[in-house]
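Text of coords.cif, listed as mmCIF, C-alpha atoms:
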```
data_input
loop_
_atom_site.label_atom_id
_atom_site.label_comp_id
_atom_site.auth_asym_id
_atom_site.auth_seq_id
_atom_site.Cartn_x
_atom_site.Cartn_y
_atom_site.Cartn_z
CA MET A 792 50.91 -30.54 80.28
CA THR A 793 53.77 -29.80 82.62
CA PRO A 794 54.02 -30.81 86.29
CA ASN A 795 52.39 -27.51 87.27
CA ASP A 796 49.49 -27.50 84.83
CA ALA A 797 45.93 -28.25 85.97
CA ALA A 798 45.42 -31.59 84.29
CA SER A 799 41.80 -32.62 84.07
CA ALA A 800 40.25 -35.91 85.08
CA VAL A 801 36.99 -35.05 83.34
CA PRO A 802 35.99 -37.71 80.77
CA ALA A 803 34.88 -34.99 78.32
CA PRO A 804 33.67 -36.08 74.87
CA PHE A 805 36.41 -36.81 72.36
CA ASP A 806 35.76 -37.18 68.65
CA GLY A 807 39.20 -38.29 67.49
CA ASP A 808 40.44 -41.80 66.72
CA LEU A 809 42.89 -42.99 69.35
CA SER A 810 43.34 -46.52 67.99
CA ALA A 811 46.87 -45.92 66.70
CA ASP A 812 47.88 -44.19 69.94
CA LEU A 813 46.53 -47.06 72.02
CA ASP A 814 48.38 -49.55 69.85
CA LEU A 815 51.59 -47.57 70.36
CA ALA A 816 50.99 -47.38 74.12
CA LEU A 817 50.71 -51.17 74.24
CA ARG A 818 53.94 -51.54 72.30
CA LEU A 819 55.59 -49.07 74.67
CA ALA A 820 54.48 -51.30 77.53
CA ASP A 821 55.95 -54.34 75.75
CA ALA A 822 59.29 -52.56 75.48
CA ALA A 823 59.13 -51.42 79.09
CA ASP A 824 58.26 -54.90 80.37
CA ALA A 825 61.27 -56.42 78.66
CA VAL A 826 63.61 -53.96 80.37
CA SER A 827 62.06 -53.98 83.82
CA MET A 828 61.72 -57.75 84.05
CA ALA A 829 65.35 -58.26 83.05
CA ARG A 830 66.46 -56.73 86.35
CA PHE A 831 63.56 -57.65 88.63
CA ASP A 832 64.72 -59.35 91.84
CA ALA A 833 68.35 -59.08 90.76
CA ALA A 834 70.78 -59.50 93.66
CA ASP A 835 73.03 -56.75 92.31
CA LEU A 836 70.30 -54.22 91.46
CA ASP A 837 71.63 -50.68 91.78
CA VAL A 838 69.44 -48.55 94.07
CA GLN A 839 69.93 -44.86 94.81
CA LEU A 840 68.15 -42.17 96.83
CA LYS A 841 66.77 -39.17 94.97
CA ALA A 842 66.72 -35.63 96.31
CA ASP A 843 63.21 -36.18 97.70
CA HIS A 844 64.50 -39.25 99.59
CA THR A 845 62.54 -41.71 97.46
CA HIS A 846 64.30 -44.65 95.83
CA VAL A 847 65.24 -45.00 92.20
CA THR A 848 66.75 -48.11 90.66
CA GLU A 849 68.71 -48.69 87.50
CA ALA A 850 65.56 -50.36 86.15
CA ASP A 851 63.44 -47.22 86.66
CA LEU A 852 65.92 -45.23 84.57
CA ALA A 853 66.42 -47.87 81.88
CA THR A 854 62.68 -48.49 81.53
CA GLU A 855 61.86 -44.83 81.04
CA ARG A 856 64.70 -44.52 78.51
CA ALA A 857 63.30 -47.45 76.54
CA ILE A 858 59.86 -45.80 76.39
CA ARG A 859 61.33 -42.43 75.43
CA ASP A 860 63.49 -43.97 72.70
CA LEU A 861 60.48 -45.57 71.05
CA LEU A 862 58.46 -42.36 71.34
CA GLU A 863 61.29 -40.39 69.77
CA ARG A 864 61.19 -42.71 66.76
CA GLU A 865 57.41 -42.92 66.37
CA ARG A 866 56.02 -39.68 67.87
CA PRO A 867 58.85 -37.11 67.65
CA ASP A 868 56.43 -34.19 67.75
CA ASP A 869 54.70 -35.28 70.96
CA GLY A 870 55.73 -34.11 74.40
CA VAL A 871 56.89 -36.43 77.16
CA PHE A 872 56.62 -36.09 80.93
CA GLY A 873 58.26 -38.86 82.93
CA GLU A 874 59.02 -39.34 86.59
CA GLU A 875 62.74 -39.82 86.11
CA PHE A 876 63.66 -37.42 83.28
CA GLY A 877 61.08 -34.64 83.54
CA SER A 878 59.16 -32.98 80.72
CA SER A 879 60.03 -32.01 77.17
CA GLY A 880 58.27 -31.10 73.96
CA ASP A 881 54.74 -30.01 73.09
CA ALA A 882 52.22 -30.26 75.93
CA ALA A 883 49.18 -30.41 73.62
CA ARG A 884 49.86 -34.13 73.11
CA GLN A 885 51.93 -35.41 75.99
CA TRP A 886 52.95 -38.92 76.97
CA ILE A 887 53.02 -39.29 80.76
CA ILE A 888 55.24 -42.06 82.11
CA ASP A 889 55.88 -43.72 85.43
CA PRO A 890 58.39 -46.41 84.47
CA ILE A 891 57.99 -48.34 87.72
CA ASP A 892 55.15 -47.31 89.99
CA GLY A 893 55.91 -49.12 93.23
CA THR A 894 59.70 -48.91 93.20
CA ALA A 895 59.76 -49.90 96.88
CA ASN A 896 58.12 -53.19 95.93
CA TYR A 897 60.36 -53.65 92.90
CA LEU A 898 63.59 -53.30 94.86
CA LYS A 899 62.31 -55.72 97.50
CA GLY A 900 61.41 -58.36 94.91
CA ILE A 901 57.68 -57.96 95.57
CA PRO A 902 55.82 -58.42 92.26
CA MET A 903 53.19 -55.71 92.80
CA TRP A 904 54.63 -52.87 90.71
CA THR A 905 53.37 -51.30 87.51
CA THR A 906 54.55 -49.45 84.45
CA LEU A 907 52.11 -46.60 83.75
CA ILE A 908 51.85 -45.03 80.31
CA SER A 909 49.33 -42.37 79.33
CA LEU A 910 48.68 -39.98 76.47
CA ALA A 911 47.10 -36.69 77.51
CA VAL A 912 45.48 -34.56 74.81
CA GLU A 913 45.02 -30.91 75.78
CA GLY A 914 45.61 -31.88 79.40
CA VAL A 915 43.08 -34.73 79.55
CA PRO A 916 44.40 -38.32 79.85
CA ARG A 917 42.90 -40.11 76.84
CA VAL A 918 44.98 -43.29 76.60
CA GLY A 919 46.16 -45.38 79.52
CA VAL A 920 48.10 -48.60 79.97
CA ALA A 921 48.95 -50.16 83.32
CA SER A 922 51.26 -53.16 82.94
CA GLN A 923 52.24 -55.53 85.74
CA PRO A 924 54.59 -57.99 84.01
CA ALA A 925 55.71 -59.73 87.20
CA ILE A 926 52.20 -61.18 87.57
CA GLY A 927 51.44 -61.32 83.83
CA ARG A 928 48.63 -58.75 83.90
CA ARG A 929 47.85 -55.60 81.94
CA TRP A 930 44.95 -53.12 81.79
CA TRP A 931 44.41 -50.56 79.03
CA ALA A 932 41.87 -48.06 77.72
CA ALA A 933 41.32 -45.10 75.42
CA SER A 934 38.51 -42.58 75.20
CA GLY A 935 35.66 -44.10 73.23
CA LEU A 936 37.37 -47.50 72.91
CA GLY A 937 36.50 -49.01 76.28
CA ALA A 938 38.70 -50.46 79.01
CA TRP A 939 40.23 -53.92 78.73
CA THR A 940 42.45 -56.47 80.43
CA ASN A 941 44.18 -59.72 79.66
CA VAL A 942 43.02 -62.71 81.68
CA PRO A 943 45.24 -65.77 82.18
CA GLY A 944 43.82 -68.70 80.26
CA GLU A 945 41.68 -66.54 77.97
CA THR A 946 42.82 -65.79 74.43
CA ALA A 947 40.72 -62.64 73.93
CA PRO A 948 40.88 -59.49 76.10
CA ARG A 949 38.07 -59.01 78.58
CA ARG A 950 36.16 -55.72 78.65
CA LEU A 951 36.15 -54.00 82.03
CA SER A 952 33.10 -52.71 83.88
CA VAL A 953 32.85 -51.24 87.36
CA SER A 954 30.50 -52.70 89.94
CA ARG A 955 26.90 -51.60 90.40
CA VAL A 956 27.09 -51.53 94.19
CA ASP A 957 25.18 -48.48 95.44
CA ASP A 958 24.98 -49.28 99.16
CA LEU A 959 27.87 -48.03 101.31
CA ALA A 960 27.48 -51.01 103.64
CA GLN A 961 28.23 -53.36 100.74
CA ALA A 962 31.24 -51.44 99.42
CA SER A 963 34.83 -52.65 99.40
CA ILE A 964 37.50 -49.94 99.58
CA SER A 965 41.25 -49.61 99.23
CA PHE A 966 43.61 -46.93 100.53
CA GLN A 967 47.36 -46.48 100.16
CA SER A 968 48.29 -46.50 103.86
CA ILE A 969 47.11 -45.27 107.25
CA GLN A 970 50.34 -43.29 107.52
CA GLN A 971 49.51 -41.42 104.30
CA TRP A 972 46.07 -40.37 105.56
CA ASP A 973 47.50 -39.43 108.96
CA ALA A 974 50.14 -37.21 107.32
CA VAL A 975 47.42 -34.99 105.84
CA GLY A 976 45.30 -34.97 109.00
CA ARG A 977 42.54 -37.17 107.63
CA SER A 978 43.04 -40.45 109.45
CA ASP A 979 39.82 -39.89 111.42
CA GLN A 980 37.94 -39.74 108.11
CA LEU A 981 39.52 -43.01 107.03
CA VAL A 982 38.45 -44.70 110.27
CA THR A 983 34.93 -43.33 109.88
CA LEU A 984 34.81 -44.59 106.31
CA ALA A 985 36.14 -48.02 107.29
CA ARG A 986 33.38 -48.36 109.87
CA ARG A 987 30.71 -47.68 107.28
CA VAL A 988 31.78 -50.04 104.50
CA TRP A 989 31.80 -53.82 104.17
CA ARG A 990 35.56 -54.27 103.71
CA ASP A 991 38.72 -52.14 103.77
CA ARG A 992 42.18 -53.13 102.59
CA GLY A 993 45.40 -51.26 101.81
CA TYR A 994 46.32 -52.90 98.49
CA GLY A 995 48.43 -49.92 97.48
CA ASP A 996 49.81 -48.28 94.32
CA ALA A 997 48.18 -48.87 90.91
CA TRP A 998 46.69 -52.33 91.37
CA PRO A 999 43.54 -51.26 93.31
CA TYR A 1000 42.52 -48.91 90.47
CA ALA A 1001 42.60 -51.93 88.17
CA LEU A 1002 40.55 -53.91 90.67
CA LEU A 1003 38.06 -51.05 90.74
CA ALA A 1004 37.79 -51.08 86.95
CA GLU A 1005 37.22 -54.85 87.12
CA GLY A 1006 34.28 -54.34 89.48
CA ARG A 1007 36.04 -55.81 92.53
CA LEU A 1008 36.30 -52.56 94.55
CA GLU A 1009 34.10 -49.47 94.85
CA PHE A 1010 36.62 -46.92 96.18
CA VAL A 1011 40.32 -46.14 95.87
CA ALA A 1012 41.89 -42.99 97.32
CA GLU A 1013 45.36 -41.72 98.10
CA PHE A 1014 47.44 -38.62 98.76
CA GLY A 1015 50.82 -37.33 97.61
CA VAL A 1016 50.34 -38.53 94.05
CA LYS A 1017 51.85 -36.91 90.98
CA GLU A 1018 50.30 -36.81 87.51
CA TYR A 1019 52.46 -39.71 86.34
CA ASP A 1020 51.14 -41.82 89.23
CA ILE A 1021 47.52 -41.60 88.11
CA ALA A 1022 47.16 -40.26 84.54
CA ALA A 1023 47.18 -43.73 82.96
CA LEU A 1024 44.57 -44.92 85.44
CA VAL A 1025 42.02 -42.21 84.59
CA PRO A 1026 40.89 -43.60 81.20
CA ILE A 1027 40.97 -47.16 82.56
CA VAL A 1028 38.59 -46.23 85.39
CA THR A 1029 36.34 -43.89 83.42
CA GLU A 1030 36.05 -46.10 80.33
CA ALA A 1031 35.02 -48.92 82.67
CA GLY A 1032 32.17 -46.68 83.86
CA GLY A 1033 33.76 -45.27 87.01
CA ARG A 1034 34.45 -41.74 88.16
CA PHE A 1035 37.78 -40.06 88.96
CA THR A 1036 38.32 -36.80 90.91
CA ASP A 1037 40.59 -35.54 93.65
CA ILE A 1038 39.72 -36.37 97.26
CA ASP A 1039 37.47 -33.30 97.56
CA GLY A 1040 35.61 -33.82 94.30
CA ALA A 1041 37.54 -31.46 92.00
CA GLU A 1042 38.02 -32.87 88.51
CA THR A 1043 41.77 -32.37 88.38
CA LEU A 1044 44.95 -34.40 88.72
CA SER A 1045 47.02 -31.54 90.08
CA THR A 1046 46.02 -31.38 93.75
CA ARG A 1047 48.14 -34.39 94.73
CA SER A 1048 45.19 -36.53 95.77
CA SER A 1049 42.92 -38.97 93.96
CA LEU A 1050 39.52 -40.53 94.46
CA ALA A 1051 38.32 -43.21 92.07
CA THR A 1052 34.99 -44.95 92.53
CA ASN A 1053 32.42 -47.04 90.71
CA GLY A 1054 30.48 -43.81 90.09
CA ALA A 1055 27.31 -44.94 91.85
CA LEU A 1056 28.84 -44.23 95.25
CA HIS A 1057 31.09 -41.29 94.36
CA ASP A 1058 28.92 -38.56 95.86
CA THR A 1059 28.23 -40.69 98.94
CA PHE A 1060 31.95 -41.15 99.53
CA LEU A 1061 32.59 -37.44 99.00
CA GLU A 1062 29.89 -36.49 101.49
CA LEU A 1063 31.37 -38.80 104.09
CA LEU A 1064 34.93 -37.59 103.54
CA THR A 1065 34.14 -33.87 103.51
CA ARG A 1066 31.66 -33.89 106.39
CA THR A 1067 32.79 -31.70 109.28
CA PRO A 1068 33.53 -33.88 112.34
#
```
Mind turning the file's structure into structure tokens?
Amino acid sequence: MTPNDAASAVPAPFDGDLSADLDLALRLADAADAVSMARFDAADLDVQLKADHTHVTEADLATERAIRDLLERERPDDGVFGEEFGSSGDAARQWIIDPIDGTANYLKGIPMWTTLISLAVEGVPRVGVASQPAIGRRWWAASGLGAWTNVPGETAPRRLSVSRVDDLAQASISFQSIQQWDAVGRSDQLVTLARRVWRDRGYGDAWPYALLAEGRLEFVAEFGVKEYDIAALVPIVTEAGGRFTDIDGAETLSTRSSLATNGALHDTFLELLTRTP
């Protein structure tokens, strides 16, 4: 998969064994966490502006390099697509990396940022790890192997499962920002949605997808996302029993929007968001 390919969010059946790939993804996250945490909240952190006017820090670059170095040693035939260094290699099996999702938080010393690591097979994200080392949390999944998280104080991982809420009035939702919805001309839809649900909060970035997989939210949606922003989250949400599409219901990651739900309310949310005012 390259940045222009139509990556699928469809949890299609998969008959391979992804255990070794998931184990590697977790070790990649270990390596990434060591690098990113070494510079987190550093007073002399180097921060630059990229061509698209978004920030990049020395930690973003070093973390992606650490992941790529390990992949080069252990999966030299696989492709890699990362936010900071682009794509290379075979797209049939491609590791998709966002070294620090939430760079704006990272450079401000706010602990809500995530390293996202995914393996896509024939364009479908099959393995996903979302690691938030600043708060000691991690979520991971692979097709057919379930979705899991570590819980402070518990020695064994806890299996994830989305909520069973099927009433819009009881749903809790998260969105990236009002500004983001306004920029695409859909702020009125967000207001309408907020009036229909129990609770709305802008948690932002990767964390709300993890909360959804844990059964704590029923809806997460955002715009302007790239494949590396969401690929790792697809197997985590779907293996927990949820559903993942773009904001209009297409089962793709390439339209720069995402809609993740508990599944039970997915069609209800879509109807509300696509209804003509």
Sel. within 9 Å of pt (46.0, -37.2, 85.3), counting all atoms listed in the file, output as a count of residues only: 22
For a cut-off of 12 Å around (63.5, -44.6, 80.9), file coordinates, pick out all residues using all atoms listed in the file and list them as a short mmCIF file (atom, residue, chain, number, x, y, z; two decimals) with C-alpha atoms, in the coordinates of the input.
```cif
data_model
loop_
_atom_site.label_atom_id
_atom_site.label_comp_id
_atom_site.auth_asym_id
_atom_site.auth_seq_id
_atom_site.Cartn_x
_atom_site.Cartn_y
_atom_site.Cartn_z
CA LEU A 819 55.59 -49.07 74.67
CA ALA A 820 54.48 -51.30 77.53
CA ALA A 822 59.29 -52.56 75.48
CA ALA A 823 59.13 -51.42 79.09
CA ASP A 824 58.26 -54.90 80.37
CA VAL A 826 63.61 -53.96 80.37
CA SER A 827 62.06 -53.98 83.82
CA VAL A 847 65.24 -45.00 92.20
CA THR A 848 66.75 -48.11 90.66
CA GLU A 849 68.71 -48.69 87.50
CA ALA A 850 65.56 -50.36 86.15
CA ASP A 851 63.44 -47.22 86.66
CA LEU A 852 65.92 -45.23 84.57
CA ALA A 853 66.42 -47.87 81.88
CA THR A 854 62.68 -48.49 81.53
CA GLU A 855 61.86 -44.83 81.04
CA ARG A 856 64.70 -44.52 78.51
CA ALA A 857 63.30 -47.45 76.54
CA ILE A 858 59.86 -45.80 76.39
CA ARG A 859 61.33 -42.43 75.43
CA ASP A 860 63.49 -43.97 72.70
CA LEU A 861 60.48 -45.57 71.05
CA LEU A 862 58.46 -42.36 71.34
CA VAL A 871 56.89 -36.43 77.16
CA PHE A 872 56.62 -36.09 80.93
CA GLY A 873 58.26 -38.86 82.93
CA GLU A 874 59.02 -39.34 86.59
CA GLU A 875 62.74 -39.82 86.11
CA PHE A 876 63.66 -37.42 83.28
CA GLY A 877 61.08 -34.64 83.54
CA ILE A 887 53.02 -39.29 80.76
CA ILE A 888 55.24 -42.06 82.11
CA ASP A 889 55.88 -43.72 85.43
CA PRO A 890 58.39 -46.41 84.47
CA ILE A 891 57.99 -48.34 87.72
CA THR A 906 54.55 -49.45 84.45
CA LEU A 907 52.11 -46.60 83.75
CA ILE A 908 51.85 -45.03 80.31
#
```
Distance of atom CA of A:Val918 from atom CA of A:Gly807, expressed in Å to one decimal place: 11.9 Å
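The residue that comes closest to A:Arg864, out of A:Gly995, A:Ala947, A:Leu815, A:Tyr1000 and on the basis of all atoms listed in the file, is A:Leu815.
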Contacts of A:Gly893 within 8 Å, only C-alpha atoms, excl. fewer than 3 positions in-chain, as a list in words: Asn896, Tyr897, Met903, Trp904, Thr905 and Asp996 of chain A
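Here the PyMOL selection byres ((chain A and resi 968) around 12) matches the residues Ser965, Phe966, Gln967, Ile969, Gln970, Gln971, Trp972, Asp973, Ala974, Val975, Arg977, Ser978, Leu981, Val982, Asp991, Arg992, Gly993, Tyr994, Gly995, Asp996, Val1011, Ala1012, Glu1013, Phe1014 and Gly1015 of chain A.
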Test item: residues at most 8 Å from A:Val988, only C-alpha atoms, excluding those fewer than 2 positions along its chain, as a PyMOL selection string: chain A and resi 959-964+984-986+990-991
Chain and number of each residue from the PyMOL selection byres ((chain A and resi 932) around 7), as a JSON list (two decimals) with C-alpha atoms, in the frame of the given file:
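After the write, selection-v5.json holds the following:
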```json
[["chain", "number", "residue", "atom", "x", "y", "z"],
["A", 918, "VAL", "CA", 44.98, -43.29, 76.60],
["A", 919, "GLY", "CA", 46.16, -45.38, 79.52],
["A", 920, "VAL", "CA", 48.10, -48.60, 79.97],
["A", 931, "TRP", "CA", 44.41, -50.56, 79.03],
["A", 933, "ALA", "CA", 41.32, -45.10, 75.42],
["A", 934, "SER", "CA", 38.51, -42.58, 75.20],
["A", 936, "LEU", "CA", 37.37, -47.50, 72.91],
["A", 937, "GLY", "CA", 36.50, -49.01, 76.28],
["A", 938, "ALA", "CA", 38.70, -50.46, 79.01],
["A", 939, "TRP", "CA", 40.23, -53.92, 78.73],
["A", 1026, "PRO", "CA", 40.89, -43.60, 81.20],
["A", 1027, "ILE", "CA", 40.97, -47.16, 82.56],
["A", 1030, "GLU", "CA", 36.05, -46.10, 80.33]]
```
Which residues are near A:Asn1053? Cut-off 7 Å, all atoms listed in the file, ignore same chain within fewer than 2 positions. Put them as a tab-separated table (two decimals) with C-alpha atoms, in the frame of the given file.
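Here's the written file part_3.tsv:
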```tsv
chain	number	residue	atom	x	y	z
A	953	VAL	CA	32.85	-51.24	87.36
A	954	SER	CA	30.50	-52.70	89.94
A	1003	LEU	CA	38.06	-51.05	90.74
A	1009	GLU	CA	34.10	-49.47	94.85
A	1010	PHE	CA	36.62	-46.92	96.18
A	1032	GLY	CA	32.17	-46.68	83.86
A	1033	GLY	CA	33.76	-45.27	87.01
A	1034	ARG	CA	34.45	-41.74	88.16
A	1055	ALA	CA	27.31	-44.94	91.85
A	1056	LEU	CA	28.84	-44.23	95.25
A	1057	HIS	CA	31.09	-41.29	94.36
```
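Relative to atom CA of A:Arg1047, atom CA of A:Glu1062 is found at 19.6 Å.
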Pairwise distance for atom CA of A:Arg950 and atom CA of A:Trp930, rounded to one decimal in Å: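 Distance reported for this atom pair: 9.7 Å.
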Given all atoms listed in the file as the counted atoms, nearest of A:Glu865, A:Ala1001, A:Leu1061, A:Glu1042 to A:Leu951: A:Ala1001
Nearest to A:Ala921 by atom-to-atom distance, counting only C-alpha atoms, from A:Lys899, A:Leu817, A:Ser1048, A:Asp881: A:Leu817
Shell around A:Thr845 at 9 Å using all atoms listed in the file, local window under 3 positions removed, as a ChimeraX atom specification: /A:839-842,894-895
Using C-alpha atoms, can you write the selected residues to a file as a PDB file, in the frame of the given file?
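The resulting file, result.pdb, is reproduced below:
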```
ATOM      1  CA  GLN A 839      69.930 -44.860  94.810  1.00  0.00           C
ATOM      2  CA  LEU A 840      68.150 -42.170  96.830  1.00  0.00           C
ATOM      3  CA  LYS A 841      66.770 -39.170  94.970  1.00  0.00           C
ATOM      4  CA  ALA A 842      66.720 -35.630  96.310  1.00  0.00           C
ATOM      5  CA  THR A 894      59.700 -48.910  93.200  1.00  0.00           C
ATOM      6  CA  ALA A 895      59.760 -49.900  96.880  1.00  0.00           C
TER       7      ALA A 895
END
```
